[in-house]
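Trainee: Okay, here's the structure, questions in a sec.
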Amino acid sequence: MRDEAQRERRAGDRRRQRQYTFRDQRTGFDRRELDTSDAGMLHCTLVGLRNQPKALFWLLAAANVLNIADFALTLNALAHGFREGNPIMGFLFEVNPAWACIFKMLAVLLASLLVWQLKRYRKALIAAIGMLLVFAGVFIWHLYGLAMMF
């Protein structure tokens with residue numbers, strides 16, 4: 001009886017049965033270890049962010065603080081006669097600066113919350129680092145603009 005049940009189970013095409021099985025996506029961390037090259041340094045940074053939620057929290061908090069500084073410095077530049085380079089923000093500033101503030105703060109805050117929810121995935125952590133680098137670059141651009149004004 002037992003041999004018949006085993007034969008019947010194996011008689012069908014198993015590939016067809018697996019066709020509708022949900023397979024979890026890889027997190028990006030289940031690869032083989034890298035050496036100490038630049039890619040290895042990025043890997044170590046990402047693993048550190050994944051394993052230390054406080055570090056990721058402070059990284060995202062720094063991105064949000066730089067976003068607020070960007071908005072304040074943009075208001076200062078607009079008051080001195082400059083023009084907003086981002087067409088979406090430019091439109092919102094023309095409508096009402098309060099709408100621009102709400103949109104900008106919510107967009108970055110929601111992106112930060114999304115990264116926090118997906119922190120086990122490598123691409124989300126890369127996005128967090130990219131977000132911080134972009135806002136740091138914008139902040140430096142504003143500082144350069146301030147230095148050129150005076």
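Letters A, B, ... mark the chains of the structure tokens in the order given; residue numbers begin at 1 per chain; ligand numbers begin at 1, in order shown.
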Near segment 55-72 of chain A, counting only C-alpha atoms, which residues have an atom at most 9 Å away, once you skip same-chain residues fewer than 6 positions from it, shown as an NGL selection string?

Mentor: :A and (48-49 or 100-101 or 104-105 or 108-109 or 112-113 or 115-116 or 119 or 125 or 128-129 or 131-136 or 138-139 or 142)

Trainee: Can you tell me how far atom CA of Glu84 of chain A sits from atom CA of Pro97 of chain A, in Å to one decimal?

Mentor: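 Atom-to-atom, atom CA of Glu84 of chain A to atom CA of Pro97 of chain A, that is 11.7 Å.
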
Trainee: Expressed in Å to a single decimal, how great is the separation between atom CA of Ala124 of chain A and atom CA of Trp99 of chain A?

Mentor: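 Taking atom CA of Ala124 of chain A and atom CA of Trp99 of chain A, their separation equals 27.6 Å.
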